[in-house]
>>> print(open('start18.cif').read())   # mmCIF, C-alpha atoms
data_my_file
loop_
_atom_site.label_atom_id
_atom_site.label_comp_id
_atom_site.auth_asym_id
_atom_site.auth_seq_id
_atom_site.Cartn_x
_atom_site.Cartn_y
_atom_site.Cartn_z
CA MET A 18 -46.94 47.34 -1.82
CA ASN A 19 -47.63 44.90 -4.69
CA LEU A 20 -46.14 47.35 -7.18
CA ILE A 21 -42.90 47.50 -5.19
CA VAL A 22 -42.65 43.69 -5.12
CA ILE A 23 -43.22 43.47 -8.89
CA LEU A 24 -40.58 46.12 -9.64
CA THR A 25 -38.06 44.42 -7.33
CA ALA A 26 -38.58 41.06 -9.04
CA LEU A 27 -38.11 42.69 -12.45
CA VAL A 28 -34.81 44.30 -11.42
CA VAL A 29 -33.50 40.95 -10.07
CA ALA A 30 -34.48 39.16 -13.28
CA LEU A 31 -32.73 41.74 -15.46
CA ALA A 32 -29.61 41.68 -13.25
CA GLY A 33 -29.43 37.89 -13.48
CA ALA A 34 -29.60 37.91 -17.27
CA ALA A 35 -26.44 40.00 -17.74
CA PRO A 36 -24.04 37.67 -15.83
CA ALA A 37 -25.35 34.74 -17.88
CA GLY A 38 -24.22 36.43 -21.08
CA ALA A 39 -20.96 37.47 -19.44
CA GLN A 40 -20.35 33.92 -18.28
CA GLU A 41 -20.92 32.62 -21.80
CA LYS A 42 -18.43 35.15 -23.11
CA ASP A 43 -15.87 34.40 -20.41
CA SER A 44 -15.97 30.69 -21.15
CA SER A 45 -14.17 31.30 -24.43
CA LYS A 46 -11.21 32.84 -22.60
CA ASP A 47 -8.13 30.93 -21.58
CA ARG A 48 -8.98 29.07 -18.36
CA GLY A 49 -6.55 30.01 -15.61
CA GLY A 50 -6.60 30.16 -11.83
CA ILE A 51 -9.28 28.00 -10.29
CA GLY A 52 -10.65 27.16 -13.74
CA GLY A 53 -7.37 25.51 -14.69
CA VAL A 54 -7.25 23.64 -11.41
CA LEU A 55 -10.75 22.29 -11.97
CA ASP A 56 -9.80 21.18 -15.47
CA THR A 57 -6.81 19.30 -14.07
CA LEU A 58 -8.90 17.65 -11.38
CA GLY A 59 -11.50 16.80 -13.99
CA GLY A 60 -8.88 15.00 -16.02
CA LEU A 61 -7.69 12.98 -13.06
CA LEU A 62 -11.22 12.03 -12.10
CA GLY A 63 -12.13 10.92 -15.59
CA SER A 64 -14.33 13.84 -16.66
CA GLY A 65 -11.64 15.59 -18.71
CA THR A 66 -8.75 14.79 -21.00
CA SER A 67 -6.12 12.20 -20.20
CA ASN A 68 -2.89 13.09 -18.40
CA LYS A 69 0.66 12.02 -19.21
CA LEU A 70 2.87 10.89 -16.35
CA HIS A 71 6.58 10.13 -16.62
CA GLY A 72 8.48 8.11 -14.07
CA ALA A 73 9.79 4.70 -13.05
CA VAL A 74 7.92 1.46 -12.43
CA VAL A 75 7.94 0.50 -8.74
CA VAL A 76 6.04 -2.79 -8.94
CA ALA A 77 4.36 -4.47 -11.89
CA HIS A 78 1.57 -7.01 -11.55
CA ASP A 79 -0.53 -8.59 -14.29
CA THR A 80 -2.93 -5.67 -14.79
CA THR A 81 -1.63 -3.13 -12.27
CA VAL A 82 1.49 -0.98 -12.15
CA VAL A 83 2.74 1.41 -9.48
CA LEU A 84 4.52 4.41 -10.95
CA ARG A 85 6.95 6.72 -9.14
CA THR A 86 6.63 9.99 -11.03
CA ASP A 87 9.44 12.47 -11.61
CA ASP A 88 7.88 14.83 -9.05
CA LYS A 89 8.07 12.15 -6.32
CA ARG A 90 4.47 10.96 -6.30
CA SER A 91 3.45 7.30 -6.33
CA VAL A 92 0.29 6.29 -8.20
CA ARG A 93 -1.40 2.97 -8.89
CA VAL A 94 -2.37 2.50 -12.53
CA ASP A 95 -4.80 -0.04 -13.98
CA THR A 96 -3.16 -1.50 -17.12
CA ALA A 97 -5.91 -3.96 -18.11
CA SER A 98 -6.47 -2.17 -21.44
CA ILE A 99 -2.78 -2.20 -22.37
CA ASP A 100 -1.37 -4.73 -24.86
CA PRO A 101 -0.06 -7.78 -22.92
CA GLN A 102 3.24 -7.58 -24.82
CA VAL A 103 3.76 -4.06 -23.48
CA ARG A 104 2.78 -5.12 -19.95
CA GLN A 105 5.43 -7.84 -20.04
CA GLN A 106 8.11 -5.20 -20.53
CA LEU A 107 7.17 -3.41 -17.31
CA VAL A 108 9.72 -4.30 -14.66
CA PRO A 109 10.82 -2.44 -11.51
CA GLY A 110 13.04 0.51 -12.31
CA GLN A 111 11.91 0.75 -15.96
CA LYS A 112 11.31 4.35 -17.11
CA VAL A 113 7.96 4.85 -18.83
CA THR A 114 5.48 7.49 -19.96
CA VAL A 115 1.89 6.65 -19.03
CA THR A 116 -1.21 8.24 -20.55
CA ALA A 117 -4.03 7.78 -18.05
CA ARG A 118 -7.21 9.20 -16.58
CA GLY A 119 -9.22 8.57 -13.43
CA ALA A 120 -10.73 5.11 -13.04
CA GLY A 121 -12.49 5.79 -9.75
CA GLY A 122 -11.05 6.48 -6.33
CA ASP A 123 -7.28 6.98 -6.32
CA VAL A 124 -6.53 4.58 -9.18
CA LEU A 125 -5.77 5.77 -12.71
CA ALA A 126 -6.59 3.82 -15.87
CA ALA A 127 -3.88 3.68 -18.54
CA SER A 128 -4.77 4.09 -22.20
CA ASP A 129 -1.17 4.01 -23.40
CA ILE A 130 2.28 3.18 -22.01
CA GLN A 131 5.52 4.07 -23.75
CA VAL A 132 8.56 2.17 -22.49
CA GLU A 133 11.87 4.02 -22.76
CA GLN A 134 14.41 2.11 -24.81
CA GLY A 135 18.15 2.16 -24.31
CA GLN A 136 17.94 3.07 -20.63
CA ALA A 137 21.42 2.93 -19.06
CA ALA A 138 20.31 1.54 -15.72
CA PRO A 139 16.95 1.03 -13.98
CA GLN A 140 15.99 3.39 -11.20
CA ALA A 141 16.87 1.80 -7.88
CA PHE A 142 14.36 1.31 -5.06
CA SER A 143 15.16 -0.31 -1.73
CA HIS A 144 12.78 -2.43 0.33
CA VAL A 145 12.39 -3.97 3.75
CA THR A 146 9.86 -6.45 5.10
CA GLY A 147 7.89 -6.15 8.31
CA THR A 148 4.36 -5.36 9.48
CA VAL A 149 1.98 -2.42 9.35
CA GLN A 150 1.37 -1.35 12.94
CA GLU A 151 -1.27 1.29 12.32
CA ARG A 152 -2.66 3.44 9.51
CA SER A 153 -4.07 6.95 9.60
CA GLU A 154 -4.69 9.72 7.09
CA GLY A 155 -1.41 10.38 5.29
CA ARG A 156 0.67 8.18 7.60
CA ILE A 157 1.52 4.53 8.26
CA LEU A 158 3.55 3.16 11.14
CA PHE A 159 5.75 0.36 9.79
CA LYS A 160 7.76 -2.06 11.94
CA THR A 161 10.61 -3.98 10.32
CA LYS A 162 11.44 -7.60 11.12
CA GLU A 163 14.43 -6.30 13.08
CA GLY A 164 12.11 -4.29 15.36
CA LEU A 165 12.78 -0.83 13.91
CA THR A 166 9.63 1.33 13.82
CA LEU A 167 9.36 3.73 10.90
CA PRO A 168 6.71 6.46 10.49
CA VAL A 169 5.98 6.54 6.74
CA ASP A 170 4.46 9.61 5.10
CA THR A 171 1.87 8.41 2.57
CA SER A 172 0.48 11.82 1.58
CA GLN A 173 2.13 11.54 -1.85
CA ILE A 174 1.03 7.94 -2.44
CA ARG A 175 -2.25 7.27 -4.27
CA GLY A 176 -4.07 3.96 -4.51
CA LEU A 177 -2.55 2.07 -1.58
CA PRO A 178 -4.22 -1.33 -1.10
CA TYR A 179 -5.98 -2.23 2.12
CA LEU A 180 -3.40 -2.83 4.86
CA ALA A 181 -4.75 -4.32 8.09
CA ALA A 182 -2.84 -3.76 11.32
CA ASN A 183 -0.23 -6.35 12.30
CA THR A 184 -0.19 -7.99 8.87
CA PRO A 185 2.99 -8.70 6.88
CA ALA A 186 3.95 -6.06 4.35
CA THR A 187 6.90 -4.82 2.33
CA LEU A 188 7.96 -1.18 2.46
CA ILE A 189 9.54 0.06 -0.77
CA TYR A 190 11.48 3.27 -0.28
CA GLU A 191 14.19 5.58 -1.53
CA GLN A 192 16.55 7.86 0.30
CA GLY A 193 16.19 11.62 0.33
CA PRO A 194 19.00 14.16 0.01
CA LYS A 195 19.65 13.95 3.76
CA GLN A 196 19.58 10.13 3.79
CA GLU A 197 16.02 10.19 5.14
CA ILE A 198 13.65 7.34 4.30
CA LEU A 199 11.04 8.33 1.69
CA GLY A 200 8.16 5.88 1.42
CA VAL A 201 7.45 4.94 -2.21
CA TRP A 202 4.93 2.10 -1.84
CA ILE A 203 3.73 -0.59 0.60
CA GLU A 204 2.84 -4.04 -0.71
CA PRO A 205 0.78 -6.52 1.32
CA GLY A 206 2.80 -9.60 2.26
CA ASP A 207 6.45 -10.29 1.63
CA ALA A 208 6.75 -8.74 -1.81
CA ALA A 209 10.54 -8.64 -1.95
CA ALA A 210 10.53 -10.08 -5.45
CA SER A 211 8.63 -7.02 -6.71
CA ALA A 212 11.35 -4.57 -5.76
CA SER A 213 14.24 -3.64 -8.02
CA PRO A 214 16.79 -6.47 -8.21
CA ALA A 215 19.53 -3.88 -7.97
CA THR A 216 18.48 -2.97 -4.42
CA GLU A 217 17.48 -6.33 -3.02
CA SER A 218 17.98 -6.02 0.75
CA SER A 219 16.50 -9.24 2.04
CA PRO A 220 18.79 -11.95 3.44
CA SER A 221 18.27 -14.10 0.36
CA ALA A 222 19.84 -11.44 -1.85
CA ALA A 223 23.17 -11.55 -0.08
CA ARG A 224 23.11 -15.24 0.76
CA PRO A 225 22.64 -17.06 -2.54
CA SER A 226 23.09 -20.76 -3.07
CA GLY A 227 24.51 -22.91 -5.83
CA ALA A 228 26.84 -20.95 -8.11
CA GLY A 229 26.64 -17.99 -5.75
CA GLN A 230 27.43 -19.96 -2.60
CA LYS A 231 28.46 -17.62 0.25
CA LEU A 232 31.97 -17.62 1.63
CA ALA A 233 31.84 -17.27 5.41
CA GLY A 234 34.25 -15.31 7.58
CA GLN A 235 35.04 -12.62 5.01
CA LYS A 236 35.97 -9.03 5.81
CA LEU A 237 35.20 -5.81 3.99
CA GLU A 238 36.37 -2.26 4.62
CA GLY A 239 35.33 0.93 2.94
CA LEU A 240 33.60 4.31 2.94
CA VAL A 241 29.86 4.36 3.76
CA GLU A 242 27.99 5.99 0.87
CA SER A 243 24.41 5.50 2.08
CA VAL A 244 22.54 4.00 5.02
CA GLY A 245 19.22 2.23 4.50
CA VAL A 246 16.80 0.43 6.79
CA SER A 247 18.50 -2.93 6.33
CA GLU A 248 21.49 -2.24 4.12
CA LEU A 249 24.58 -0.10 3.64
CA THR A 250 26.28 0.92 0.44
CA VAL A 251 30.06 0.91 0.85
CA GLN A 252 32.76 2.03 -1.56
CA THR A 253 35.89 -0.09 -1.25
CA SER A 254 39.48 0.96 -1.90
CA ASP A 255 39.41 -0.73 -5.31
CA GLY A 256 36.43 1.40 -6.42
CA ARG A 257 33.65 -1.17 -6.02
CA HIS A 258 30.23 -0.14 -4.69
CA VAL A 259 29.07 -2.97 -2.46
CA ARG A 260 25.54 -3.39 -1.08
CA VAL A 261 25.80 -4.76 2.42
CA ASP A 262 22.84 -6.60 3.94
CA THR A 263 22.69 -5.57 7.62
CA ASN A 264 19.75 -7.71 8.72
CA GLY A 265 22.12 -9.78 10.87
CA VAL A 266 23.74 -6.79 12.61
CA ASP A 267 22.76 -5.43 16.02
CA ARG A 268 20.61 -2.33 15.50
CA THR A 269 22.27 -0.30 18.25
CA THR A 270 25.62 -0.72 16.52
CA LEU A 271 24.22 0.60 13.25
CA ALA A 272 22.49 3.58 14.86
CA SER A 273 25.70 5.64 14.85
CA VAL A 274 26.82 4.77 11.32
CA ARG A 275 26.53 7.67 8.89
CA PRO A 276 27.50 8.34 5.26
CA GLY A 277 31.19 9.30 5.16
CA ASP A 278 32.22 6.90 7.94
CA ILE A 279 34.95 4.34 7.37
CA VAL A 280 33.77 0.92 8.53
CA ALA A 281 35.13 -2.59 8.89
CA ILE A 282 32.55 -5.28 8.12
CA THR A 283 32.64 -8.97 8.93
CA GLY A 284 30.27 -11.39 7.29
CA SER A 285 29.62 -13.55 4.26
CA ALA A 286 30.72 -12.65 0.75
CA SER A 287 29.15 -14.31 -2.27
CA SER A 288 30.48 -14.89 -5.76
CA ASP A 289 28.74 -11.63 -6.65
CA ALA A 290 31.39 -9.05 -5.81
CA ASP A 291 28.80 -6.33 -5.28
CA LYS A 292 26.88 -8.07 -2.46
CA PHE A 293 27.86 -8.85 1.11
CA ALA A 294 25.91 -10.12 4.15
CA ALA A 295 27.20 -8.53 7.36
CA THR A 296 27.29 -10.01 10.85
CA SER A 297 29.13 -7.04 12.38
CA VAL A 298 29.90 -3.45 11.42
CA THR A 299 32.57 -1.41 13.22
CA LYS A 300 33.44 2.23 12.65
CA THR A 301 37.17 2.74 12.27
CA LYS A 302 37.10 6.50 11.57
#
>>> encode(input="start18.cif", output="structure tokens")
Amino acid sequence: MNLIVILTALVVALAGAAPAGAQEKDSSKDRGGIGGVLDTLGGLLGSGTSNKLHGAVVVAHDTTVVLRTDDKRSVRVDTASIDPQVRQQLVPGQKVTVTARGAGGDVLAASDIQVEQGQAAPQAFSHVTGTVQERSEGRILFKTKEGLTLPVDTSQIRGLPYLAANTPATLIYEQGPKQEILGVWIEPGDAAASASPATESSPSAARPSGAGQKLAGQKLEGLVESVGVSELTVQTSDGRHVRVDTNGVDRTTLASVRPGDIVAITGSASSDADKFAATSVTKTK
């Protein structure tokens, strides 16, 4: 009996030695399949090489930037180690290439940021203010100030800050190919100033004061190009593309408005020909 046990142990020991050599040999091969996946994850978590991400800045704080990558992911990046002069160039919509690696949790740490020069126009993001109603894995229920409840998919967003229920927040979004709302980021509080100036949808954007004093009782007619949470984009007969703030319009009226509709809008025009604050929207065709 003892001899059988000894022989069995010897066979197991010899069998275990061969895979060790094979594993050492295999490690020199090109890492594909699960090996490549683990390498990629290792880079993101900080145990491997850095990764390069290209995309547009969503919001830029002193030492933090949110990047919307070309493959429609949103990531929060720590920029504390970046030259302050470079950080000052980071504004919403700016196209950049970020070299980063994992800094712990879902936040990446940037080691280099290259700002694209000569960009024709910043990437546009829209935003709307409201409150976070509830948060679950991969999903947030957001309620706008106008009472519209939006389920926001956050499965492609990394590094969201803590968002308590029933607290003010700003939803930054873009529209998908079917005019659906795609959540890009959610900022605690009323962070309207952090969104792209080109897509400002808060009442203050369409109701300026001073040199841009609004002119009440104006009318606008045109073709609806896009429909957002609190704005429309309308092309007029003279070729202008006007962003119409619809915060002051009854929500039931807007529910039937779709891209391609011809609408008549009453409201307040400002000295900025590309902005209009609506009080009513009527479909004419």
>>> closest_residue(input="start18.cif", among="A:Leu107, A:Lys69, A:Thr250, A:Thr86", to="Asp129 (chain A)", atoms="only C-alpha atoms")
A:Lys69
>>> residues_near_point(input="start18.cif", point="(4.9, -0.8, -11.2)", cutoff="9 Å", atoms="all atoms listed in the file", output="PyMOL selection string")
chain A and resi 73-78+81-85+92-94+107-111+211
>>> write_last_selection(input="start18.cif", atoms="C-alpha atoms", output="tab-separated table (two decimals), keeping the file's coordinate frame")
chain	number	residue	atom	x	y	z
A	73	ALA	CA	9.79	4.70	-13.05
A	74	VAL	CA	7.92	1.46	-12.43
A	75	VAL	CA	7.94	0.50	-8.74
A	76	VAL	CA	6.04	-2.79	-8.94
A	77	ALA	CA	4.36	-4.47	-11.89
A	78	HIS	CA	1.57	-7.01	-11.55
A	81	THR	CA	-1.63	-3.13	-12.27
A	82	VAL	CA	1.49	-0.98	-12.15
A	83	VAL	CA	2.74	1.41	-9.48
A	84	LEU	CA	4.52	4.41	-10.95
A	85	ARG	CA	6.95	6.72	-9.14
A	92	VAL	CA	0.29	6.29	-8.20
A	93	ARG	CA	-1.40	2.97	-8.89
A	94	VAL	CA	-2.37	2.50	-12.53
A	107	LEU	CA	7.17	-3.41	-17.31
A	108	VAL	CA	9.72	-4.30	-14.66
A	109	PRO	CA	10.82	-2.44	-11.51
A	110	GLY	CA	13.04	0.51	-12.31
A	111	GLN	CA	11.91	0.75	-15.96
A	211	SER	CA	8.63	-7.02	-6.71
>>> residues_near_point(input="start18.cif", point="(13.9, 0.9, 13.1)", cutoff="10 Å", atoms="only C-alpha atoms", output="PDB file with C-alpha atoms, in the coordinates of the input")
ATOM      1  CA  PHE A 159       5.750   0.360   9.790  1.00  0.00           C
ATOM      2  CA  LYS A 160       7.760  -2.060  11.940  1.00  0.00           C
ATOM      3  CA  THR A 161      10.610  -3.980  10.320  1.00  0.00           C
ATOM      4  CA  LYS A 162      11.440  -7.600  11.120  1.00  0.00           C
ATOM      5  CA  GLU A 163      14.430  -6.300  13.080  1.00  0.00           C
ATOM      6  CA  GLY A 164      12.110  -4.290  15.360  1.00  0.00           C
ATOM      7  CA  LEU A 165      12.780  -0.830  13.910  1.00  0.00           C
ATOM      8  CA  THR A 166       9.630   1.330  13.820  1.00  0.00           C
ATOM      9  CA  LEU A 167       9.360   3.730  10.900  1.00  0.00           C
ATOM     10  CA  PRO A 168       6.710   6.460  10.490  1.00  0.00           C
ATOM     11  CA  VAL A 246      16.800   0.430   6.790  1.00  0.00           C
ATOM     12  CA  SER A 247      18.500  -2.930   6.330  1.00  0.00           C
ATOM     13  CA  ARG A 268      20.610  -2.330  15.500  1.00  0.00           C
ATOM     14  CA  THR A 269      22.270  -0.300  18.250  1.00  0.00           C
ATOM     15  CA  ALA A 272      22.490   3.580  14.860  1.00  0.00           C
TER      16      ALA A 272
END
>>> residues_around(input="start18.cif", residues="Tyr179 (chain A)", least_positions_apart="3", cutoff="10 Å", atoms="all atoms listed in the file", output="ChimeraX atom specification")
/A:152,176,182,203-205
>>> residues_around(input="start18.cif", residues="Arg275 (chain A)", least_positions_apart="4", cutoff="12 Å", atoms="only C-alpha atoms", output="PyMOL selection string")
chain A and resi 195-197+240-245+249-251+270-271+279-280+298-300+302
>>> residues_around(input="start18.cif", residues="Glu133 (chain A)", least_positions_apart="3", cutoff="8 Å", atoms="only C-alpha atoms", output="PyMOL selection string")
chain A and resi 111-114+136
